file data-v4.cif (mmCIF, C-alpha atoms)
data_model
#
loop_
_atom_site.label_atom_id
_atom_site.label_comp_id
_atom_site.auth_asym_id
_atom_site.auth_seq_id
_atom_site.Cartn_x
_atom_site.Cartn_y
_atom_site.Cartn_z
CA MET A 1 23.60 -16.75 19.43
CA GLY A 2 21.00 -17.28 22.19
CA THR A 3 18.38 -14.90 23.53
CA ILE A 4 18.78 -11.43 24.97
CA GLY A 5 18.05 -13.01 28.34
CA ASP A 6 21.01 -15.37 27.87
CA VAL A 7 23.28 -12.52 26.79
CA GLY A 8 22.24 -10.21 29.65
CA GLU A 9 21.92 -6.44 29.76
CA PHE A 10 25.56 -5.49 29.44
CA GLY A 11 26.35 -8.23 26.95
CA LEU A 12 23.46 -7.02 24.79
CA ILE A 13 24.59 -3.39 25.06
CA ALA A 14 28.08 -4.40 23.97
CA ARG A 15 26.76 -6.34 20.98
CA LEU A 16 24.47 -3.51 19.88
CA THR A 17 26.88 -0.61 20.30
CA ARG A 18 29.48 -2.39 18.16
CA ARG A 19 26.99 -2.07 15.30
CA LEU A 20 26.55 1.70 15.64
CA PRO A 21 29.05 3.86 13.74
CA GLN A 22 29.26 7.42 15.04
CA GLY A 23 29.20 10.49 12.85
CA PRO A 24 30.98 13.81 13.46
CA ASP A 25 28.06 15.32 15.40
CA VAL A 26 28.50 12.73 18.16
CA ARG A 27 31.31 13.93 20.42
CA LEU A 28 30.75 11.13 22.96
CA GLY A 29 28.73 8.09 22.00
CA PRO A 30 27.50 4.97 23.80
CA GLY A 31 29.34 3.81 26.90
CA ASP A 32 29.01 6.66 29.39
CA ASP A 33 26.14 7.99 31.49
CA ALA A 34 24.98 10.16 28.60
CA ALA A 35 25.95 11.03 25.06
CA VAL A 36 27.37 14.38 23.98
CA ILE A 37 26.06 15.75 20.70
CA ALA A 38 27.36 18.85 18.95
CA ALA A 39 24.90 21.74 18.70
CA PRO A 40 26.66 24.38 16.57
CA ASP A 41 23.49 26.42 16.23
CA GLY A 42 23.05 26.78 19.99
CA ARG A 43 19.55 25.29 19.72
CA VAL A 44 18.54 21.64 19.51
CA VAL A 45 15.54 20.33 17.60
CA ALA A 46 14.14 17.37 19.58
CA THR A 47 11.28 14.94 18.94
CA THR A 48 10.22 11.60 20.33
CA ASP A 49 8.02 8.68 19.28
CA LEU A 50 6.89 5.36 20.68
CA LEU A 51 6.52 2.24 18.54
CA VAL A 52 4.53 -0.52 20.16
CA GLU A 53 4.34 -4.07 18.81
CA GLY A 54 0.85 -4.84 17.57
CA ARG A 55 0.04 -1.16 17.06
CA HIS A 56 2.88 0.18 14.93
CA PHE A 57 4.42 -3.06 13.68
CA ARG A 58 3.86 -6.80 13.72
CA ARG A 59 6.76 -9.20 13.90
CA ASP A 60 4.94 -11.68 11.67
CA TRP A 61 4.67 -8.97 8.99
CA SER A 62 8.01 -7.18 9.34
CA GLY A 63 11.50 -8.39 10.11
CA PRO A 64 13.69 -6.66 12.70
CA TYR A 65 15.80 -4.81 10.13
CA ASP A 66 12.73 -3.21 8.54
CA ILE A 67 11.30 -2.35 11.97
CA GLY A 68 14.55 -0.56 12.77
CA ARG A 69 14.49 1.36 9.49
CA LYS A 70 10.87 2.37 10.08
CA ALA A 71 11.48 3.45 13.68
CA ALA A 72 14.39 5.67 12.68
CA ALA A 73 12.66 7.07 9.59
CA GLN A 74 9.56 8.34 11.35
CA ASN A 75 11.65 10.26 13.87
CA LEU A 76 14.24 11.59 11.44
CA ALA A 77 11.40 12.84 9.22
CA ASP A 78 10.04 14.96 12.07
CA VAL A 79 13.43 16.67 12.43
CA VAL A 80 13.61 17.32 8.69
CA ALA A 81 10.08 18.75 8.76
CA MET A 82 11.36 21.50 11.07
CA GLY A 83 13.94 22.45 8.45
CA ALA A 84 16.72 20.94 10.55
CA ARG A 85 19.57 18.54 9.83
CA PRO A 86 19.25 15.28 11.81
CA THR A 87 22.23 14.63 14.07
CA ALA A 88 21.44 11.76 16.46
CA LEU A 89 18.93 9.25 17.78
CA LEU A 90 18.57 7.93 21.32
CA VAL A 91 16.85 4.54 21.43
CA GLY A 92 14.98 2.89 24.27
CA PHE A 93 14.45 -0.82 23.54
CA ALA A 94 12.20 -3.05 25.66
CA ALA A 95 11.74 -6.71 24.73
CA PRO A 96 10.92 -10.07 26.32
CA PRO A 97 14.05 -11.93 27.51
CA ALA A 98 13.22 -14.79 25.12
CA THR A 99 13.81 -12.50 22.11
CA LYS A 100 16.69 -13.77 20.00
CA ALA A 101 19.85 -11.70 20.34
CA GLU A 102 20.25 -11.79 16.56
CA TRP A 103 16.78 -10.21 16.22
CA ALA A 104 17.94 -7.28 18.35
CA GLU A 105 21.16 -6.92 16.36
CA LEU A 106 19.27 -6.77 13.07
CA LEU A 107 16.91 -4.19 14.55
CA TYR A 108 19.87 -1.97 15.42
CA ASP A 109 21.40 -2.54 11.97
CA GLY A 110 18.19 -1.09 10.53
CA LEU A 111 18.31 1.89 12.88
CA ALA A 112 21.94 2.58 11.99
CA ASP A 113 21.44 2.24 8.23
CA GLU A 114 18.45 4.61 8.17
CA CYS A 115 20.40 7.13 10.22
CA ARG A 116 23.23 6.91 7.73
CA LEU A 117 20.86 7.99 4.93
CA ALA A 118 19.96 11.12 6.88
CA GLY A 119 23.48 11.89 8.10
CA ALA A 120 22.72 11.01 11.72
CA SER A 121 23.91 8.41 14.27
CA VAL A 122 22.43 6.27 17.02
CA ALA A 123 24.28 7.88 19.93
CA GLY A 124 22.91 5.92 22.87
CA GLY A 125 19.82 4.79 24.72
CA ASP A 126 18.70 2.00 27.03
CA VAL A 127 17.66 -1.65 26.96
CA VAL A 128 15.29 -3.41 29.35
CA GLY A 129 13.55 -6.75 29.60
CA THR A 130 9.76 -6.82 29.62
CA PRO A 131 7.30 -9.66 30.10
CA GLY A 132 5.15 -8.33 27.29
CA ILE A 133 5.72 -6.99 23.79
CA VAL A 134 8.55 -5.21 22.02
CA THR A 135 8.48 -1.44 22.47
CA LEU A 136 10.79 1.21 21.03
CA ALA A 137 11.09 4.75 22.39
CA ILE A 138 13.04 6.96 19.99
CA THR A 139 14.29 10.50 20.54
CA ALA A 140 15.70 12.31 17.51
CA LEU A 141 17.86 15.42 17.62
CA GLY A 142 18.70 17.94 14.94
CA ASP A 143 20.48 21.21 14.19
CA LEU A 144 18.94 24.24 12.48
CA GLY A 145 22.23 25.67 11.22
CA GLY A 146 21.34 29.21 12.26
CA ALA A 147 17.99 29.30 10.45
CA ALA A 148 14.51 29.75 11.88
CA PRO A 149 12.52 26.53 12.29
CA LEU A 150 9.89 25.71 9.69
CA THR A 151 6.66 25.41 11.67
CA ARG A 152 3.01 24.71 10.98
CA SER A 153 1.89 28.27 11.68
CA GLY A 154 3.31 30.25 8.76
CA ALA A 155 0.84 29.54 5.95
CA ARG A 156 -0.89 32.58 4.50
CA PRO A 157 -3.82 33.05 2.09
CA GLY A 158 -2.50 33.00 -1.46
CA ASP A 159 0.17 30.38 -0.76
CA VAL A 160 0.28 27.17 -2.74
CA VAL A 161 0.29 23.72 -1.13
CA ALA A 162 2.82 21.16 -2.35
CA VAL A 163 3.95 17.66 -1.41
CA ARG A 164 7.22 15.74 -1.71
CA GLY A 165 7.43 11.95 -1.43
CA ARG A 166 5.09 8.98 -1.68
CA LEU A 167 1.47 9.21 -0.51
CA GLY A 168 -0.82 6.29 0.27
CA HIS A 169 1.70 3.51 -0.34
CA ALA A 170 2.13 2.46 3.30
CA SER A 171 -1.64 2.55 3.85
CA ALA A 172 -2.28 0.40 0.79
CA GLY A 173 0.42 -2.02 1.90
CA LEU A 174 -1.14 -2.32 5.34
CA ALA A 175 -4.51 -3.07 3.75
CA LEU A 176 -2.92 -5.85 1.67
CA LEU A 177 -1.27 -7.43 4.70
CA THR A 178 -4.52 -7.20 6.68
CA GLU A 179 -6.28 -9.04 3.85
CA GLY A 180 -3.59 -11.73 3.81
CA ARG A 181 -2.31 -10.78 0.36
CA ASP A 182 1.33 -10.75 -0.75
CA GLY A 183 1.36 -8.10 -3.44
CA PRO A 184 1.96 -5.75 -5.06
CA ALA A 185 5.32 -6.12 -3.34
CA GLU A 186 6.06 -2.41 -3.76
CA LEU A 187 3.18 -1.48 -1.46
CA ILE A 188 3.95 -4.06 1.20
CA ALA A 189 7.57 -2.91 1.21
CA ALA A 190 6.36 0.69 1.67
CA HIS A 191 4.43 -0.31 4.79
CA ARG A 192 7.42 -2.13 6.22
CA ARG A 193 9.99 0.51 5.39
CA PRO A 194 9.02 4.13 4.59
CA GLU A 195 11.35 6.20 2.43
CA PRO A 196 11.23 9.83 3.56
CA PRO A 197 12.94 12.20 1.11
CA TYR A 198 15.41 13.61 3.63
CA THR A 199 16.41 16.50 1.35
CA ALA A 200 12.87 17.91 1.55
CA GLY A 201 13.52 20.23 4.48
CA GLU A 202 16.47 21.91 2.83
CA GLU A 203 14.60 22.14 -0.47
CA ALA A 204 11.55 23.65 1.18
CA ARG A 205 13.58 26.25 3.02
CA SER A 206 15.55 27.23 -0.08
CA HIS A 207 12.29 27.82 -1.97
CA GLY A 208 10.72 30.01 0.69
CA ALA A 209 8.42 27.54 2.47
CA THR A 210 6.05 29.27 4.87
CA ALA A 211 5.00 26.04 6.67
CA LEU A 212 6.11 22.41 6.57
CA LEU A 213 5.27 19.10 8.21
CA ASP A 214 5.82 15.37 7.98
CA VAL A 215 2.83 13.46 6.57
CA SER A 216 2.61 10.69 9.14
CA ASP A 217 -1.12 10.43 9.95
CA GLY A 218 -2.65 11.15 6.53
CA LEU A 219 -2.43 14.09 4.13
CA VAL A 220 -5.82 15.63 4.94
CA GLN A 221 -5.43 15.24 8.69
CA ASP A 222 -1.88 16.60 8.72
CA LEU A 223 -2.70 19.56 6.46
CA GLY A 224 -5.46 20.25 8.96
CA HIS A 225 -2.72 20.90 11.53
CA ILE A 226 -1.23 23.58 9.27
CA ALA A 227 -4.69 25.08 8.68
CA ALA A 228 -5.42 25.22 12.42
CA ALA A 229 -2.01 26.57 13.44
CA SER A 230 -2.01 29.20 10.68
CA GLY A 231 -5.68 30.19 10.91
CA VAL A 232 -6.36 29.46 7.23
CA ARG A 233 -8.30 27.11 4.98
CA ILE A 234 -6.46 24.65 2.75
CA GLU A 235 -8.07 23.68 -0.55
CA ILE A 236 -6.88 20.42 -2.14
CA ASP A 237 -7.41 19.69 -5.84
CA SER A 238 -7.82 15.91 -5.95
CA SER A 239 -6.87 15.78 -9.64
CA ALA A 240 -3.43 17.15 -8.75
CA VAL A 241 -2.71 14.64 -5.96
CA PRO A 242 -0.18 12.06 -7.22
CA VAL A 243 -1.97 8.68 -7.32
CA PRO A 244 0.06 6.04 -9.18
CA ASP A 245 -1.77 3.08 -10.70
CA VAL A 246 -0.16 0.66 -8.24
CA LEU A 247 -2.41 2.08 -5.49
CA GLY A 248 -5.42 0.52 -7.22
CA PRO A 249 -9.06 1.67 -7.27
CA ASP A 250 -8.84 3.11 -3.73
CA GLY A 251 -5.71 5.03 -4.58
CA LEU A 252 -7.06 8.53 -3.97
CA ARG A 253 -8.46 7.53 -0.59
CA HIS A 254 -5.12 6.04 0.42
CA ALA A 255 -3.27 9.16 -0.79
CA LEU A 256 -5.58 11.52 1.11
CA THR A 257 -6.03 9.60 4.37
CA GLY A 258 -3.27 6.99 4.60
CA GLY A 259 -0.43 7.51 7.04
CA GLU A 260 3.14 6.34 7.66
CA ASP A 261 4.67 7.23 4.30
CA HIS A 262 6.47 10.16 5.90
CA ALA A 263 6.23 12.36 2.86
CA PHE A 264 6.34 16.12 3.41
CA ALA A 265 3.66 18.74 2.81
CA GLY A 266 4.29 22.45 2.83
CA THR A 267 2.99 25.83 1.83
CA PHE A 268 4.95 28.22 -0.38
CA PRO A 269 4.56 31.75 -1.72
CA PRO A 270 2.29 31.82 -4.79
CA HIS A 271 5.07 32.37 -7.32
CA ALA A 272 7.67 30.02 -5.84
CA ALA A 273 9.53 28.09 -8.54
CA LEU A 274 9.44 24.64 -6.97
CA PRO A 275 11.68 21.83 -8.25
CA PRO A 276 10.07 18.88 -10.11
CA SER A 277 10.33 16.72 -7.00
CA TRP A 278 7.53 18.79 -5.43
CA THR A 279 3.92 18.58 -6.65
CA VAL A 280 1.50 21.48 -6.17
CA ILE A 281 -1.83 20.03 -5.01
CA GLY A 282 -3.78 23.01 -3.79
CA SER A 283 -3.89 26.47 -2.31
CA VAL A 284 -4.32 28.39 0.93
CA GLY A 285 -7.33 30.65 1.43
CA GLU A 286 -9.36 32.45 4.03
CA GLY A 287 -11.36 30.38 6.47
CA ALA A 288 -10.64 27.23 8.42
CA GLY A 289 -10.08 23.53 7.92
CA VAL A 290 -9.33 21.47 4.82
CA ARG A 291 -11.51 20.98 1.76
CA VAL A 292 -11.05 18.57 -1.14
CA ASP A 293 -12.52 19.87 -4.40
CA GLY A 294 -14.50 22.36 -2.33
CA ARG A 295 -16.14 19.68 -0.18
CA GLU A 296 -15.62 18.01 3.17
CA PRO A 297 -12.70 15.57 2.88
CA PRO A 298 -13.17 11.80 3.12
CA ALA A 299 -13.19 10.33 6.58
CA GLY A 300 -10.31 8.25 7.85
CA ALA A 301 -6.80 8.86 9.14
CA TRP A 302 -4.36 7.32 11.57
CA ASP A 303 -5.53 7.39 15.19
CA HIS A 304 -3.20 6.46 18.06
CA PHE A 305 -6.18 5.90 20.37
CA PRO A 306 -8.74 3.91 18.32
CA THR A 307 -12.02 3.05 20.00
#

call {"tool": "encode", "arguments": {"input": "data-v4.cif", "output": "structure tokens"}}
result
Amino acid sequence: MGTIGDVGEFGLIARLTRRLPQGPDVRLGPGDDAAVIAAPDGRVVATTDLLVEGRHFRRDWSGPYDIGRKAAAQNLADVVAMGARPTALLVGFAAPPATKAEWAELLYDGLADECRLAGASVAGGDVVGTPGIVTLAITALGDLGGAAPLTRSGARPGDVVAVRGRLGHASAGLALLTEGRDGPAELIAAHRRPEPPYTAGEEARSHGATALLDVSDGLVQDLGHIAAASGVRIEIDSSAVPVPDVLGPDGLRHALTGGEDHAFAGTFPPHAALPPSWTVIGSVGEGAGVRVDGREPPAGAWDHFPT
């Protein structure tokens, strides 16, 4: 099938767009100067992320399909965390010309399949050759359906703190890969391909959530964003944090500080009857910051600018 350099810009675009089914929110998809996406609410939820080879993924650890799934998931999760329904992704793809065309096609298959899980579509984007590494720039769009966005600033003293989705799995998987180990396979798969529970935003809204966010950089660090935006203190009960045996002896540390699982954490009124898929792990009080069992939390979290 050759390389993307052999195929050329427009040949590559043609190959990739053939792999991108369009959902009903996309009124005009790839092929024109810009896409047209329905916005029934009159507002558009928008978020963007960069994924850089060597920082967010390694091609010797993850195949192109999993990289595509991961790239879509982390952006779709941000839309869901606002209480919105994902509608579309726009994808910027930069890669060396020597990259195999099949690699690019599998990447876009992963993007499209993850979008399908969330009810969204890849509606367009751009491709460019680069002499360096693979880079993905993703913009995700969503619709609020007439509701107010769920933000980080609504938590109030007396609320409970609850989580939905896996915690610590991606972090534990990354540690295994860094150590050159090949198992447990469940953890390595979690690093390669997160599984955000895309129904979490709707569930949180229907149960009166006062604040919500995507756990991308670590539970403690991300709950700190809610604490700061809301002007409250969040108290975590470590015994309530879900830590399955597969996480091993460092399981609690991974669950508290590990990123890239794209679970959801929110605050709810004290008497909210949450479904079993949500786990109450703490409470909201007066003060500032985050405490674990009444003490300073363990150090460590994802940092996009490590020193």

call {"tool": "atom_distance", "arguments": {"input": "data-v4.cif", "atom1": "atom CA of A:Pro97", "atom2": "atom CA of A:Ile4"}}
result
5.4 Å

call {"tool": "closest_atom_pairs", "arguments": {"input": "data-v4.cif", "of": "stretch 62-102 of chain A", "to": "stretch 179-195 of chain A", "cutoff": "7 Å", "atoms": "all atoms listed in the file", "output": "Markdown table"}}
result
| residue | atom | partner | partner_atom | distance |
| --- | --- | --- | --- | --- |
| A:Ser62 | CA | A:Arg192 | CA | 6.0 |
| A:Asp66 | CA | A:Arg193 | CA | 5.6 |
| A:Ile67 | CA | A:Arg192 | CA | 6.9 |
| A:Arg69 | CA | A:Arg193 | CA | 6.1 |
| A:Lys70 | CA | A:Arg193 | CA | 5.1 |
| A:Ala73 | CA | A:Pro194 | CA | 6.8 |

call {"tool": "closest_residue", "arguments": {"input": "data-v4.cif", "among": "A:Pro96, A:Gly142, A:Gly132, A:Gly110", "to": "A:Asp25", "atoms": "all atoms listed in the file"}}
result
A:Gly142

call {"tool": "closest_residue", "arguments": {"input": "data-v4.cif", "among": "A:Ala240, A:Val284, A:Ala204, A:Leu28", "to": "A:Ala84", "atoms": "all atoms listed in the file"}}
result
A:Ala204

call {"tool": "residues_around", "arguments": {"input": "data-v4.cif", "residues": "stretch 152-159 of chain A", "least_positions_apart": "2", "cutoff": "12 Å", "atoms": "all atoms listed in the file", "output": "PyMOL selection string"}}
result
chain A and resi 81-83+148-150+161-162+208-214+222-235+264-272+280-288

call {"tool": "resolve_selection", "arguments": {"input": "data-v4.cif", "expression": "the PyMOL selection byres ((chain A and resi 277) around 10)", "output": "PDB file with C-alpha atoms, keeping the file's coordinate frame"}}
result
ATOM      1  CA  ALA A 162       2.820  21.160  -2.350  1.00  0.00           C
ATOM      2  CA  VAL A 163       3.950  17.660  -1.410  1.00  0.00           C
ATOM      3  CA  ARG A 164       7.220  15.740  -1.710  1.00  0.00           C
ATOM      4  CA  GLY A 165       7.430  11.950  -1.430  1.00  0.00           C
ATOM      5  CA  PRO A 197      12.940  12.200   1.110  1.00  0.00           C
ATOM      6  CA  ALA A 200      12.870  17.910   1.550  1.00  0.00           C
ATOM      7  CA  GLU A 203      14.600  22.140  -0.470  1.00  0.00           C
ATOM      8  CA  LEU A 274       9.440  24.640  -6.970  1.00  0.00           C
ATOM      9  CA  PRO A 275      11.680  21.830  -8.250  1.00  0.00           C
ATOM     10  CA  PRO A 276      10.070  18.880 -10.110  1.00  0.00           C
ATOM     11  CA  TRP A 278       7.530  18.790  -5.430  1.00  0.00           C
ATOM     12  CA  THR A 279       3.920  18.580  -6.650  1.00  0.00           C
TER      13      THR A 279
END

call {"tool": "resolve_selection", "arguments": {"input": "data-v4.cif", "expression": "the PyMOL selection byres ((chain A and resi 138) around 7)", "output": "ChimeraX atom specification"}}
result
/A:48-50,89-92,136-137,139-140

call {"tool": "closest_residue", "arguments": {"input": "data-v4.cif", "among": "A:Gly23, A:Pro40, A:Pro30, A:Gly119", "to": "A:Leu76", "atoms": "all atoms listed in the file"}}
result
A:Gly119

call {"tool": "residues_around", "arguments": {"input": "data-v4.cif", "residues": "A:Pro298", "least_positions_apart": "5", "cutoff": "10 Å", "atoms": "all atoms listed in the file", "output": "ChimeraX atom specification"}}
result
/A:220,252-253,256-257,291-292

call {"tool": "closest_residue", "arguments": {"input": "data-v4.cif", "among": "A:Ser239, A:Glu296, A:Gly248, A:Thr178", "to": "A:Gln221", "atoms": "all atoms listed in the file"}}
result
A:Glu296

call {"tool": "closest_residue", "arguments": {"input": "data-v4.cif", "among": "A:Ala98, A:Ala263, A:Val26, A:Leu107", "to": "A:Gly2", "atoms": "all atoms listed in the file"}}
result
A:Ala98

call {"tool": "residues_near_point", "arguments": {"input": "data-v4.cif", "point": "(10.5, -10.9, 12.8)", "cutoff": "12 Å", "atoms": "all atoms listed in the file", "output": "count of residues only"}}
result
23

call {"tool": "residues_near_point", "arguments": {"input": "data-v4.cif", "point": "(-3.2, 8.6, 2.3)", "cutoff": "6 Å", "atoms": "all atoms listed in the file", "output": "PDB file with C-alpha atoms, in the frame of the given file"}}
result
ATOM      1  CA  LEU A 167       1.470   9.210  -0.510  1.00  0.00           C
ATOM      2  CA  GLY A 168      -0.820   6.290   0.270  1.00  0.00           C
ATOM      3  CA  GLY A 218      -2.650  11.150   6.530  1.00  0.00           C
ATOM      4  CA  LEU A 219      -2.430  14.090   4.130  1.00  0.00           C
ATOM      5  CA  HIS A 254      -5.120   6.040   0.420  1.00  0.00           C
ATOM      6  CA  ALA A 255      -3.270   9.160  -0.790  1.00  0.00           C
ATOM      7  CA  LEU A 256      -5.580  11.520   1.110  1.00  0.00           C
ATOM      8  CA  THR A 257      -6.030   9.600   4.370  1.00  0.00           C
ATOM      9  CA  GLY A 258      -3.270   6.990   4.600  1.00  0.00           C
ATOM     10  CA  GLY A 259      -0.430   7.510   7.040  1.00  0.00           C
TER      11      GLY A 259
END

call {"tool": "closest_residue", "arguments": {"input": "data-v4.cif", "among": "A:Ile133, A:Ala172, A:Ala112, A:Leu177", "to": "A:Val246", "atoms": "only C-alpha atoms"}}
result
A:Ala172

call {"tool": "resolve_selection", "arguments": {"input": "data-v4.cif", "expression": "the PyMOL selection byres ((chain A and resi 127) around 8)", "output": "JSON, numbers by chain"}}
result
{"A": [9, 13, 92, 93, 94, 125, 126, 128, 129]}

call {"tool": "atom_distance", "arguments": {"input": "data-v4.cif", "atom1": "atom CA of A:Asp41", "atom2": "atom CA of A:Leu20"}}
result
24.9 Å

call {"tool": "atom_distance", "arguments": {"input": "data-v4.cif", "atom1": "atom CA of A:Thr17", "atom2": "atom CA of A:Gly54"}}
result
26.5 Å

call {"tool": "residues_around", "arguments": {"input": "data-v4.cif", "residues": "A:Arg43", "least_positions_apart": "3", "cutoff": "10 Å", "atoms": "all atoms listed in the file", "output": "CSV table (one decimal) with C-alpha atoms, keeping the file's coordinate frame"}}
result
chain,number,residue,atom,x,y,z
A,39,ALA,CA,24.9,21.7,18.7
A,40,PRO,CA,26.7,24.4,16.6
A,46,ALA,CA,14.1,17.4,19.6
A,142,GLY,CA,18.7,17.9,14.9
A,143,ASP,CA,20.5,21.2,14.2
A,144,LEU,CA,18.9,24.2,12.5
A,145,GLY,CA,22.2,25.7,11.2
A,146,GLY,CA,21.3,29.2,12.3
